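Chemist: Next comes work.tsv, TSV, C-alpha atoms and all ligand atoms:
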```tsv
chain	number	residue	atom	x	y	z
V	22	MET	CA	6.40	48.34	-46.68
V	23	GLN	CA	9.29	50.65	-46.03
V	24	THR	CA	12.38	51.67	-47.88
V	25	LEU	CA	15.94	51.48	-46.82
V	26	PRO	CA	17.47	54.93	-47.16
V	27	GLU	CA	21.02	55.05	-48.39
V	28	ALA	CA	23.55	56.26	-45.87
V	29	GLY	CA	23.48	60.03	-45.80
V	30	ASP	CA	20.19	60.22	-47.68
V	31	THR	CA	18.44	63.17	-46.10
V	32	THR	CA	16.24	64.10	-49.05
V	33	ARG	CA	12.51	64.17	-48.54
V	34	ARG	CA	11.01	60.83	-49.52
V	35	ARG	CA	7.82	60.10	-51.40
V	36	ARG	CA	5.19	58.71	-49.06
V	37	SER	CA	2.43	56.17	-49.38
V	38	SER	CA	0.03	54.76	-46.81
V	39	ARG	CA	2.15	51.62	-46.65
V	40	GLY	CA	5.59	53.12	-46.71
V	41	THR	CA	8.07	55.36	-48.35
V	42	THR	CA	10.14	55.17	-51.48
V	43	GLY	CA	13.51	56.67	-50.86
V	44	ARG	CA	16.37	57.56	-53.14
V	45	GLY	CA	17.71	54.03	-52.75
V	46	GLY	CA	14.27	52.91	-53.92
V	47	ARG	CA	14.57	49.61	-52.12
V	48	ARG	CA	11.46	48.16	-50.47
V	49	VAL	CA	12.03	46.67	-47.04
V	50	PHE	CA	9.95	44.62	-44.64
V	51	ASN	CA	11.02	44.60	-41.01
V	52	PHE	CA	10.49	41.22	-39.30
V	53	ALA	CA	12.16	42.27	-36.02
V	54	ALA	CA	10.87	40.72	-32.79
V	55	GLY	CA	10.82	44.06	-30.97
V	56	PRO	CA	11.23	46.93	-31.09
V	57	ALA	CA	9.34	46.10	-34.22
V	58	ILE	CA	7.50	47.37	-37.24
V	59	MET	CA	4.96	50.12	-36.60
V	60	PRO	CA	2.10	51.23	-38.86
V	61	ARG	CA	3.55	53.77	-41.32
V	62	VAL	CA	0.48	56.00	-40.99
V	63	VAL	CA	1.07	56.22	-37.25
V	64	LEU	CA	4.69	57.25	-37.77
V	65	ALA	CA	3.59	59.80	-40.36
V	66	GLN	CA	0.99	61.24	-37.97
V	67	ALA	CA	3.57	61.44	-35.19
V	68	ARG	CA	5.93	63.25	-37.58
V	69	ASP	CA	3.20	65.71	-38.60
V	70	GLU	CA	2.33	66.42	-34.96
V	71	MET	CA	5.91	66.45	-33.69
V	72	LEU	CA	6.44	70.22	-33.45
V	73	ASP	CA	2.92	71.33	-32.69
V	74	TRP	CA	0.38	69.01	-31.10
V	75	ARG	CA	-3.03	70.08	-32.37
V	76	GLY	CA	-2.50	73.82	-32.27
V	77	THR	CA	-1.00	73.95	-28.77
V	78	GLY	CA	2.30	75.20	-30.16
V	79	ILE	CA	4.27	72.55	-28.28
V	80	SER	CA	5.36	68.98	-28.91
V	81	VAL	CA	4.00	66.07	-26.88
V	82	LEU	CA	7.62	65.61	-25.83
V	83	GLU	CA	7.48	68.97	-24.09
V	84	MET	CA	4.20	68.60	-22.22
V	85	PRO	CA	4.02	68.52	-18.42
V	86	PHE	CA	2.63	65.11	-17.49
V	87	THR	CA	0.03	66.62	-15.16
V	88	GLY	CA	-1.12	69.31	-17.62
V	89	PRO	CA	-4.48	69.26	-19.41
V	90	GLU	CA	-3.06	68.23	-22.82
V	91	PHE	CA	-1.23	65.15	-21.60
V	92	THR	CA	-4.09	64.31	-19.24
V	93	GLU	CA	-6.33	64.21	-22.31
V	94	ILE	CA	-3.85	62.04	-24.26
V	95	LEU	CA	-3.57	59.58	-21.37
V	96	ALA	CA	-7.32	59.40	-20.75
V	97	ARG	CA	-8.05	58.88	-24.45
V	98	ALA	CA	-5.45	56.12	-24.76
V	99	ILE	CA	-6.87	54.27	-21.76
V	100	GLU	CA	-10.42	54.67	-23.01
V	101	ASP	CA	-9.50	53.41	-26.48
V	102	LEU	CA	-7.64	50.40	-25.11
V	103	ARG	CA	-10.60	49.62	-22.86
V	104	GLY	CA	-12.86	49.73	-25.88
V	105	LEU	CA	-10.62	47.55	-28.04
V	106	LEU	CA	-10.27	44.79	-25.45
V	107	ALA	CA	-13.68	45.27	-23.79
V	108	ILE	CA	-11.92	45.63	-20.43
V	109	PRO	CA	-14.47	45.23	-17.61
V	110	SER	CA	-14.97	48.19	-15.27
V	111	ASN	CA	-13.48	46.37	-12.26
V	112	TYR	CA	-10.07	46.30	-13.98
V	113	ARG	CA	-7.52	49.11	-13.85
V	114	VAL	CA	-5.27	49.97	-16.78
V	115	LEU	CA	-1.79	51.19	-15.85
V	116	PHE	CA	0.79	52.69	-18.22
V	117	LEU	CA	4.13	52.16	-16.49
V	118	GLN	CA	7.84	51.97	-17.17
V	119	GLY	CA	10.34	49.17	-16.62
V	120	GLY	CA	9.55	46.69	-19.36
V	121	ALA	CA	8.06	43.24	-18.78
V	122	TYR	CA	11.39	42.05	-17.37
V	123	ALA	CA	11.06	44.52	-14.50
V	124	HIS	CA	7.41	43.52	-14.06
V	125	HIS	CA	8.50	39.89	-13.71
V	126	ALA	CA	9.63	41.13	-10.29
V	127	MET	CA	6.84	43.64	-9.71
V	128	VAL	CA	4.14	41.02	-10.19
V	129	PRO	CA	5.12	38.93	-7.14
V	130	MET	CA	5.90	42.12	-5.17
V	131	ASN	CA	2.31	43.22	-5.72
V	132	LEU	CA	0.31	40.02	-5.94
V	133	LEU	CA	1.60	37.78	-3.14
V	134	ARG	CA	-0.84	39.51	-0.77
V	135	GLY	CA	0.54	37.76	2.30
V	136	ARG	CA	0.95	34.38	0.60
V	137	GLU	CA	4.28	32.67	0.21
V	138	ARG	CA	4.06	30.72	-2.99
V	139	ALA	CA	3.08	31.09	-6.62
V	140	ASP	CA	2.61	28.64	-9.49
V	141	TYR	CA	4.45	29.21	-12.77
V	142	VAL	CA	4.11	27.38	-16.06
V	143	GLU	CA	7.48	27.02	-17.79
V	144	THR	CA	7.11	27.21	-21.55
V	145	GLY	CA	10.39	28.77	-22.73
V	146	HIS	CA	12.87	31.60	-22.45
V	147	TRP	CA	10.64	34.35	-21.06
V	148	SER	CA	8.72	32.23	-18.59
V	149	ARG	CA	12.09	31.07	-17.25
V	150	ARG	CA	13.14	34.66	-16.77
V	151	GLY	CA	9.87	35.30	-14.95
V	152	ILE	CA	10.45	32.30	-12.68
V	153	ALA	CA	14.00	33.43	-11.85
V	154	GLU	CA	12.78	36.88	-10.83
V	155	ALA	CA	9.83	35.57	-8.83
V	156	ARG	CA	12.17	33.30	-6.84
V	157	ARG	CA	13.64	36.43	-5.28
V	158	TYR	CA	10.31	37.06	-3.55
V	159	CYS	CA	8.53	33.77	-2.98
V	160	ARG	CA	8.55	30.05	-3.34
V	161	VAL	CA	7.90	29.24	-6.99
V	162	ASP	CA	6.29	25.93	-7.86
V	163	VAL	CA	6.67	24.99	-11.50
V	164	ALA	CA	3.16	23.72	-12.14
V	165	ALA	CA	4.11	22.34	-15.54
V	166	SER	CA	7.13	22.51	-17.79
V	167	GLY	CA	7.68	22.04	-21.50
V	168	GLU	CA	11.41	21.47	-21.00
V	169	ARG	CA	11.26	17.75	-21.74
V	170	ASP	CA	9.80	18.56	-25.17
V	171	ASN	CA	12.44	21.24	-25.66
V	172	PHE	CA	9.66	23.84	-25.38
V	173	THR	CA	7.99	22.78	-28.60
V	174	ARG	CA	4.53	22.39	-27.10
V	175	VAL	CA	2.43	23.97	-24.37
V	176	PRO	CA	1.97	21.46	-21.53
V	177	PRO	CA	-1.69	20.33	-21.62
V	178	ARG	CA	-3.77	21.68	-18.75
V	179	GLN	CA	-4.52	18.19	-17.36
V	180	THR	CA	-0.79	17.71	-16.61
V	181	TRP	CA	-0.49	20.87	-14.46
V	182	ARG	CA	-0.10	20.53	-10.71
V	183	LEU	CA	-1.75	23.64	-9.28
V	184	ASN	CA	-1.66	24.60	-5.64
V	185	PRO	CA	-4.85	26.08	-4.17
V	186	ASP	CA	-2.68	28.14	-1.78
V	187	ALA	CA	-0.76	29.77	-4.58
V	188	ALA	CA	-1.09	33.56	-4.68
V	189	PHE	CA	-1.42	33.36	-8.46
V	190	CYS	CA	-0.67	31.17	-11.45
V	191	HIS	CA	1.63	32.74	-14.05
V	192	ILE	CA	1.80	31.95	-17.74
V	193	THR	CA	3.58	33.50	-20.72
V	194	THR	CA	0.94	33.50	-23.44
V	195	ASN	CA	3.47	33.79	-26.25
V	196	GLU	CA	7.09	32.68	-26.00
V	197	THR	CA	8.77	35.20	-28.28
V	198	ALA	CA	12.04	33.25	-28.59
V	199	GLN	CA	10.52	29.79	-29.19
V	200	GLY	CA	7.50	30.84	-31.26
V	201	LEU	CA	5.09	28.99	-28.97
V	202	GLU	CA	1.67	30.40	-28.07
V	203	PHE	CA	-1.26	29.52	-25.84
V	204	HIS	CA	-4.34	29.27	-28.07
V	205	TRP	CA	-6.52	28.58	-25.03
V	206	THR	CA	-7.03	30.16	-21.63
V	207	PRO	CA	-6.30	27.87	-18.70
V	208	GLU	CA	-8.85	27.49	-15.94
V	209	THR	CA	-7.22	28.05	-12.52
V	210	GLY	CA	-10.26	28.17	-10.24
V	211	GLU	CA	-9.94	30.65	-7.38
V	212	VAL	CA	-6.25	31.24	-8.03
V	213	PRO	CA	-5.85	34.38	-10.18
V	214	LEU	CA	-4.35	33.76	-13.60
V	215	VAL	CA	-1.50	36.15	-14.42
V	216	ALA	CA	-0.08	36.50	-17.92
V	217	ASP	CA	2.99	38.00	-19.49
V	218	MET	CA	1.37	38.91	-22.84
V	219	THR	CA	4.23	40.99	-24.13
V	220	SER	CA	4.41	39.57	-27.63
V	221	ASP	CA	0.78	38.68	-28.34
V	222	PHE	CA	-0.91	41.59	-26.57
V	223	LEU	CA	-3.37	43.27	-28.97
V	224	SER	CA	-2.79	40.64	-31.67
V	225	ARG	CA	-6.14	38.94	-30.95
V	226	PRO	CA	-9.18	39.41	-28.69
V	227	VAL	CA	-8.70	38.42	-25.04
V	228	ASP	CA	-11.34	37.61	-22.44
V	229	ILE	CA	-9.88	39.88	-19.78
V	230	ALA	CA	-12.24	38.57	-17.09
V	231	ARG	CA	-10.43	35.21	-17.19
V	232	TYR	CA	-7.27	36.91	-15.87
V	233	GLY	CA	-6.33	38.53	-12.57
V	234	LEU	CA	-3.53	40.51	-14.18
V	235	ILE	CA	-2.05	40.94	-17.65
V	236	TYR	CA	1.17	42.78	-18.39
V	237	ALA	CA	2.97	43.55	-21.63
V	238	SER	CA	5.89	45.57	-22.88
V	239	ALA	CA	4.62	47.70	-25.73
V	240	GLN	CA	7.37	47.28	-28.33
V	241	LYS	CA	5.68	44.48	-30.31
V	242	ASN	CA	2.09	45.11	-31.37
V	243	VAL	CA	1.67	48.47	-29.66
V	244	GLY	CA	4.91	49.97	-30.88
V	245	PRO	CA	6.97	52.19	-28.65
V	246	ALA	CA	9.52	50.69	-26.26
V	247	GLY	CA	9.56	52.26	-22.80
V	248	LEU	CA	5.93	51.59	-21.98
V	249	THR	CA	4.59	48.61	-20.05
V	250	ILE	CA	0.85	48.08	-19.93
V	251	VAL	CA	-0.68	46.45	-16.84
V	252	ILE	CA	-4.34	45.45	-16.68
V	253	VAL	CA	-5.26	44.34	-13.17
V	254	ARG	CA	-8.43	43.35	-11.34
V	255	GLU	CA	-9.07	45.92	-8.64
V	256	ASP	CA	-9.55	43.50	-5.76
V	257	LEU	CA	-5.99	42.18	-6.22
V	258	LEU	CA	-4.49	45.57	-5.46
V	259	GLY	CA	-3.36	46.76	-2.06
V	260	GLY	CA	-1.38	43.82	-0.71
V	261	ALA	CA	2.13	44.68	-1.91
V	262	LEU	CA	5.12	43.27	-0.06
V	263	PRO	CA	6.50	45.56	2.63
V	264	GLY	CA	9.47	47.34	1.13
V	265	THR	CA	7.96	47.56	-2.35
V	266	PRO	CA	9.23	50.84	-3.83
V	267	THR	CA	6.50	53.43	-4.28
V	268	VAL	CA	6.73	53.59	-8.06
V	269	PHE	CA	6.58	49.78	-8.31
V	270	ASN	CA	3.42	49.61	-6.22
V	271	TYR	CA	0.50	48.97	-8.59
V	272	LYS	CA	-2.08	50.17	-6.05
V	273	ILE	CA	-0.34	53.50	-5.56
V	274	GLN	CA	0.11	53.83	-9.33
V	275	ALA	CA	-3.58	53.04	-9.87
V	276	ASP	CA	-4.57	55.64	-7.28
V	277	HIS	CA	-2.49	58.23	-9.16
V	278	ASP	CA	-3.51	57.34	-12.74
V	279	SER	CA	-0.02	55.91	-13.46
V	280	ARG	CA	1.50	59.29	-12.59
V	281	VAL	CA	3.24	58.69	-9.27
V	282	ASN	CA	6.33	59.76	-11.13
V	283	THR	CA	6.84	60.86	-14.74
V	284	PRO	CA	5.23	58.30	-17.03
V	285	PRO	CA	6.66	57.50	-20.49
V	286	THR	CA	4.64	60.31	-22.03
V	287	TYR	CA	5.71	60.07	-25.65
V	288	ALA	CA	5.36	56.29	-25.71
V	289	ILE	CA	1.83	56.64	-24.28
V	290	TYR	CA	0.97	59.17	-26.99
V	291	LEU	CA	2.28	56.79	-29.71
V	292	ALA	CA	0.40	53.89	-28.16
V	293	GLY	CA	-2.77	55.98	-28.35
V	294	LEU	CA	-2.18	56.53	-32.07
V	295	VAL	CA	-1.71	52.78	-32.54
V	296	PHE	CA	-4.97	52.07	-30.66
V	297	ASN	CA	-6.75	54.42	-33.11
V	298	TRP	CA	-5.10	52.61	-36.01
V	299	VAL	CA	-6.29	49.24	-34.68
V	300	GLN	CA	-9.82	50.64	-34.41
V	301	GLY	CA	-9.53	51.76	-38.03
V	302	GLN	CA	-8.49	48.24	-39.09
V	303	GLY	CA	-11.77	46.91	-37.70
V	304	GLY	CA	-10.70	46.23	-34.10
V	305	MET	CA	-9.49	42.99	-32.57
V	306	PRO	CA	-11.56	40.50	-34.60
V	307	ALA	CA	-10.27	41.95	-37.90
V	308	ILE	CA	-6.70	42.12	-36.61
V	309	GLU	CA	-6.89	38.49	-35.48
V	310	ARG	CA	-8.22	37.37	-38.88
V	311	LEU	CA	-5.34	39.09	-40.65
V	312	ASN	CA	-2.76	37.66	-38.22
V	313	ARG	CA	-4.16	34.15	-38.69
V	314	ARG	CA	-4.05	34.49	-42.46
V	315	LYS	CA	-0.46	35.78	-42.47
V	316	SER	CA	0.91	33.09	-40.17
V	317	ALA	CA	-1.05	30.27	-41.87
V	318	LYS	CA	0.51	31.20	-45.23
V	319	LEU	CA	4.00	31.24	-43.77
V	320	TYR	CA	3.64	27.96	-41.86
V	321	ALA	CA	2.28	26.33	-45.02
V	322	ALA	CA	5.39	27.47	-46.91
V	323	ILE	CA	7.64	26.13	-44.13
V	324	ASP	CA	5.88	22.74	-44.10
V	325	ALA	CA	5.74	22.50	-47.90
V	326	ASN	CA	8.70	20.36	-48.90
V	327	GLY	CA	11.10	19.51	-46.06
V	328	PHE	CA	13.64	22.20	-46.96
V	329	TYR	CA	12.42	24.20	-43.94
V	330	ARG	CA	11.11	22.87	-40.66
V	331	CYS	CA	9.25	24.32	-37.70
V	332	PRO	CA	9.87	22.33	-34.51
V	333	VAL	CA	6.82	23.70	-32.69
V	334	ALA	CA	3.73	21.46	-32.49
V	335	PRO	CA	1.17	22.75	-35.04
V	336	ALA	CA	-1.50	23.37	-32.40
V	337	ASP	CA	0.83	25.60	-30.36
V	338	ARG	CA	2.52	27.62	-33.08
V	339	SER	CA	2.69	31.35	-32.54
V	340	LEU	CA	0.69	33.67	-34.78
V	341	VAL	CA	3.18	36.46	-34.24
V	342	ASN	CA	6.67	34.92	-33.95
V	343	VAL	CA	7.16	32.26	-36.60
V	344	CYS	CA	10.37	30.38	-35.72
V	345	PHE	CA	11.89	27.88	-38.11
V	346	ARG	CA	15.10	26.21	-39.24
V	347	LEU	CA	16.56	25.20	-42.54
V	348	SER	CA	16.92	21.42	-42.64
V	349	ASP	CA	20.52	22.07	-43.58
V	350	GLU	CA	21.38	24.52	-40.82
V	351	SER	CA	24.71	25.37	-42.44
V	352	LEU	CA	22.71	27.34	-45.05
V	353	GLU	CA	21.06	29.64	-42.50
V	354	ALA	CA	23.74	32.35	-42.56
V	355	ARG	CA	23.46	32.53	-46.36
V	356	PHE	CA	19.67	32.59	-46.12
V	357	LEU	CA	19.77	35.54	-43.71
V	358	ALA	CA	22.34	37.47	-45.75
V	359	GLN	CA	20.43	37.02	-49.01
V	360	ALA	CA	17.11	37.87	-47.33
V	361	HIS	CA	18.65	41.07	-46.00
V	362	ARG	CA	19.86	42.04	-49.47
V	363	ARG	CA	16.26	41.53	-50.65
V	364	GLY	CA	15.02	43.96	-48.00
V	365	LEU	CA	13.68	41.21	-45.70
V	366	LEU	CA	15.19	42.52	-42.48
V	367	ASN	CA	15.85	41.18	-38.99
V	368	LEU	CA	14.96	37.53	-39.59
V	369	LYS	CA	17.66	36.12	-37.32
V	370	GLY	CA	16.29	33.91	-34.55
V	371	HIS	CA	16.58	34.79	-30.86
V	372	ARG	CA	20.17	34.56	-29.64
V	373	VAL	CA	19.47	31.54	-27.42
V	374	MET	CA	17.59	29.69	-30.17
V	375	GLY	CA	19.38	30.49	-33.43
V	376	GLY	CA	17.60	29.72	-36.70
V	377	ILE	CA	15.12	32.05	-38.35
V	378	ARG	CA	12.33	34.07	-36.75
V	379	ALA	CA	9.81	36.08	-38.71
V	380	SER	CA	7.76	38.32	-36.44
V	381	LEU	CA	4.41	39.10	-38.03
V	382	TYR	CA	3.02	41.72	-35.69
V	383	ASN	CA	-0.10	43.70	-36.50
V	384	ALA	CA	1.72	46.29	-38.61
V	385	MET	CA	3.32	43.69	-40.93
V	386	PRO	CA	1.32	43.83	-44.17
V	387	GLU	CA	0.32	40.62	-45.91
V	388	GLU	CA	2.54	41.57	-48.84
V	389	GLY	CA	5.55	41.38	-46.49
V	390	VAL	CA	4.72	37.75	-45.72
V	391	GLU	CA	4.24	37.06	-49.43
V	392	ALA	CA	7.62	38.63	-50.23
V	393	LEU	CA	9.24	36.39	-47.61
V	394	ILE	CA	7.50	33.29	-48.99
V	395	ASP	CA	8.61	34.14	-52.56
V	396	PHE	CA	12.19	34.48	-51.32
V	397	MET	CA	11.99	31.19	-49.37
V	398	GLU	CA	10.72	29.32	-52.44
V	399	GLU	CA	13.44	30.77	-54.61
V	400	PHE	CA	16.14	30.00	-52.03
V	401	SER	CA	15.00	26.39	-51.67
V	402	ARG	CA	14.96	25.96	-55.49
V	403	HIS	CA	18.57	27.11	-55.67
V	404	HIS	CA	19.85	25.14	-52.70
V	405	GLY	CA	17.45	22.20	-52.47
G	1	LIG	C1	7.34	37.44	-23.63
G	1	LIG	C2	8.32	38.49	-23.19
G	1	LIG	N1	8.38	38.80	-21.88
G	1	LIG	C3	9.23	39.75	-21.43
G	1	LIG	C4	10.07	40.43	-22.30
G	1	LIG	C5	10.99	41.48	-21.77
G	1	LIG	O1	10.58	42.76	-22.20
G	1	LIG	P1	11.46	44.04	-21.89
G	1	LIG	O2	12.77	43.89	-22.60
G	1	LIG	O3	10.64	45.19	-22.41
G	1	LIG	O4	11.64	44.12	-20.39
G	1	LIG	C6	10.03	40.13	-23.66
G	1	LIG	C7	10.92	40.82	-24.60
G	1	LIG	O5	11.02	40.50	-25.76
G	1	LIG	C8	9.14	39.14	-24.11
G	1	LIG	O6	9.07	38.82	-25.41
```
Taking this structure as input, can you express it in the form of structure tokens?
Ligand SMILES: Cc1ncc(COP(=O)(O)O)c(C=O)c1O
Modeler:
Amino acid sequence: MQTLPEAGDTTRRRRSSRGTTGRGGRRVFNFAAGPAIMPRVVLAQARDEMLDWRGTGISVLEMPFTGPEFTEILARAIEDLRGLLAIPSNYRVLFLQGGAYAHHAMVPMNLLRGRERADYVETGHWSRRGIAEARRYCRVDVAASGERDNFTRVPPRQTWRLNPDAAFCHITTNETAQGLEFHWTPETGEVPLVADMTSDFLSRPVDIARYGLIYASAQKNVGPAGLTIVIVREDLLGGALPGTPTVFNYKIQADHDSRVNTPPTYAIYLAGLVFNWVQGQGGMPAIERLNRRKSAKLYAAIDANGFYRCPVAPADRSLVNVCFRLSDESLEARFLAQAHRRGLLNLKGHRVMGGIRASLYNAMPEEGVEALIDFMEEFSRHHG
């Protein structure tokens, strides 16, 4: 829960563990798809440590990235993430820049390893972007596509056409724009499974050993934009395409602890605080339970009476990006404007999809979902 400060309101605000109450006094819940809501306690800790990190007399923003303080911050963040996801010891964790969109290109640059083709599963907006980037570097075979179903369901594994010569098989575990999520891990045999996990990373436990490589922009469940997390099996490193720029080369980055050039130091520090917060919530199993409860309540409200509708097949609905329409789409602009006045912010669907999207990342409290459901019920009573 947060409050919306009035323009020009610079007075100190009363704080609570969940949020602040400003002079405007208005509670807000931020449903943005990313950059997105962060835990208030993490923001408060960052504020408290901003000018003086733990008695050093300097801010994290001012620390040399090779110095002992930042080295400690980086090592701790990696260790905590390893603990949270039980990352096996033969996987490297990289904290890089570029965003997942840049890594759509870096993945084939690094993982083709002398091969010429890769399999991609097309499930929506972001997998399409990944395919378009990969086509710059290799032949892309679309192993399965949800296009015929308008990306409302994940193509079942038995329909995929996988190539044993593919360098890897790429999936997007959560389509942020469509609100479509893999709730299962595909078996791809000897071909390494690669996943863009940007929007569901750290929202549920993951069996890392099933994947060759996972990458994720941080600005959803981890928080700070500017950081991209890569988790890669060691034996897949070392075969980058000739001409791969040094800072894009995962092997060289791994050999230098993600510090070939200046890493996104402040974003890594914030990510470390979020990892601590997740530990404090009870780790991944507890976070997953909460995320399931939140999304189940919201989908139940959407399915309740036909006023709202979610086009995504129930089995493939996203836990973190709940996308829906009003049956009378002409009411959507009014819905969004009234929701905003109620402090329910950033509910507009992705620009290619339209409609409504409520992102329920880890930091969204259950009371935010309940406030949205109350508003939806009231709106449907008035306009139904
Ligand atoms: C699934 C997915 N992949 C890739 C991206 C691109 O991330 P970035 O803008 O950080 O490059 C996004 C952004 O929302 C996303 O949701």
Chemist: Which residues are near ligand LIG 1 (chain G) - at most 8 Å, using all atoms listed in the file? Format: as a PyMOL selection string.
Modeler: chain V and resi 54-55+119-125+147-148+150-151+193-198+217-220+237-240+246-249
Chemist: Just C-alpha atoms for this one: save the residues we selected as a compact mmCIF listing (two decimals), in the frame of the given file.
Modeler:
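Generated file (part.txt):
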```txt
# COMPACT_ATOMS: atom_id res chain seq x y z
CA ALA V 54 10.87 40.72 -32.79
CA GLY V 55 10.82 44.06 -30.97
CA GLY V 119 10.34 49.17 -16.62
CA GLY V 120 9.55 46.69 -19.36
CA ALA V 121 8.06 43.24 -18.78
CA TYR V 122 11.39 42.05 -17.37
CA ALA V 123 11.06 44.52 -14.50
CA HIS V 124 7.41 43.52 -14.06
CA HIS V 125 8.50 39.89 -13.71
CA TRP V 147 10.64 34.35 -21.06
CA SER V 148 8.72 32.23 -18.59
CA ARG V 150 13.14 34.66 -16.77
CA GLY V 151 9.87 35.30 -14.95
CA THR V 193 3.58 33.50 -20.72
CA THR V 194 0.94 33.50 -23.44
CA ASN V 195 3.47 33.79 -26.25
CA GLU V 196 7.09 32.68 -26.00
CA THR V 197 8.77 35.20 -28.28
CA ALA V 198 12.04 33.25 -28.59
CA ASP V 217 2.99 38.00 -19.49
CA MET V 218 1.37 38.91 -22.84
CA THR V 219 4.23 40.99 -24.13
CA SER V 220 4.41 39.57 -27.63
CA ALA V 237 2.97 43.55 -21.63
CA SER V 238 5.89 45.57 -22.88
CA ALA V 239 4.62 47.70 -25.73
CA GLN V 240 7.37 47.28 -28.33
CA ALA V 246 9.52 50.69 -26.26
CA GLY V 247 9.56 52.26 -22.80
CA LEU V 248 5.93 51.59 -21.98
CA THR V 249 4.59 48.61 -20.05
```
Chemist: In Å, rounded to a single decimal, give me how far atom CA of Pro109 of chain V is from atom CA of Ile229 of chain V.
Modeler: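 Between these atoms lies a distance of 7.4 Å.
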Chemist: Using all atoms listed in the file, which residues sit within 9 Å of segment 360-363 of chain V once same-chain residues fewer than 6 positions away are excluded, as a PyMOL selection string?
Modeler: chain V and resi 47-49+393+396-397
Chemist: Pick out the closest residue to Arg254 of chain V from this set: V:Ser110, V:Gln179, V:Ser348, V:Thr267. Count all atoms listed in the file.
Modeler: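 Among the listed residues, the smallest separation from Arg254 of chain V belongs to V:Ser110.
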Chemist: With only C-alpha atoms as the basis for distance, which of V:Met71, V:Val142, V:Val299, V:Val215 is at the shortest distance from Leu105 of chain V?
Modeler: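 Closest candidate: V:Val299.
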Chemist: Quick one: of V:Gly389, V:Pro226, V:Pro284, V:Pro335, who's nearest to Leu106 of chain V, counting only C-alpha atoms?
Modeler: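 Among the listed residues, the smallest separation from Leu106 of chain V belongs to V:Pro226.
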Chemist: Tell me which protein, DNA and RNA residues are within 10 Å of Asp324 of chain V, counting only C-alpha atoms, leaving out same-chain ones fewer than 6 positions away, and put them as an mmCIF file with C-alpha atoms, keeping the file's coordinate frame.
Modeler:
```cif
data_model
loop_
_atom_site.group_PDB
_atom_site.id
_atom_site.type_symbol
_atom_site.label_atom_id
_atom_site.label_comp_id
_atom_site.auth_asym_id
_atom_site.auth_seq_id
_atom_site.Cartn_x
_atom_site.Cartn_y
_atom_site.Cartn_z
ATOM 1 C CA ARG V 330 11.110 22.870 -40.660
ATOM 2 C CA CYS V 331 9.250 24.320 -37.700
ATOM 3 C CA PHE V 345 11.890 27.880 -38.110
#
```
Chemist: Pick out the residues sitting within 12 Å of Gly264 of chain V, and hand them over as a list in words; count all atoms listed in the file, and ignore anything fewer than 4 positions along from it in its own chain.
Modeler: Met127, Met130, Asn131, Tyr158, Gly260, Val268, Phe269 and Asn270 of chain V
Chemist: Using all atoms listed in the file, which residue out of V:Val81, V:Ala322, V:Ala317, V:Ile377 lies closest to Glu399 of chain V?
Modeler: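 With all atoms listed in the file as the atom set, the closest residue is V:Ala322.
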Chemist: Taking into account all atoms listed in the file, which residue in the set V:Ala155, V:Leu234, V:Ala292, V:Ala164 is nearest to Tyr271 of chain V?
Modeler: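 When distances to Tyr271 of chain V are compared using all atoms listed in the file, the smallest one comes from V:Leu234.
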Chemist: Nearest to Ser80 of chain V among V:His404, V:Lys318, V:Thr286, V:Glu391, with distances taken over only C-alpha atoms: which residue is it?
Modeler: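 Counting only C-alpha atoms, the residue closest to Ser80 of chain V is V:Thr286.
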Chemist: What is the atom CA of Tyr287 of chain V-atom CA of Ala379 of chain V distance in Å, reported with one decimal?
Modeler: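 These atoms are spaced 27.6 Å apart.
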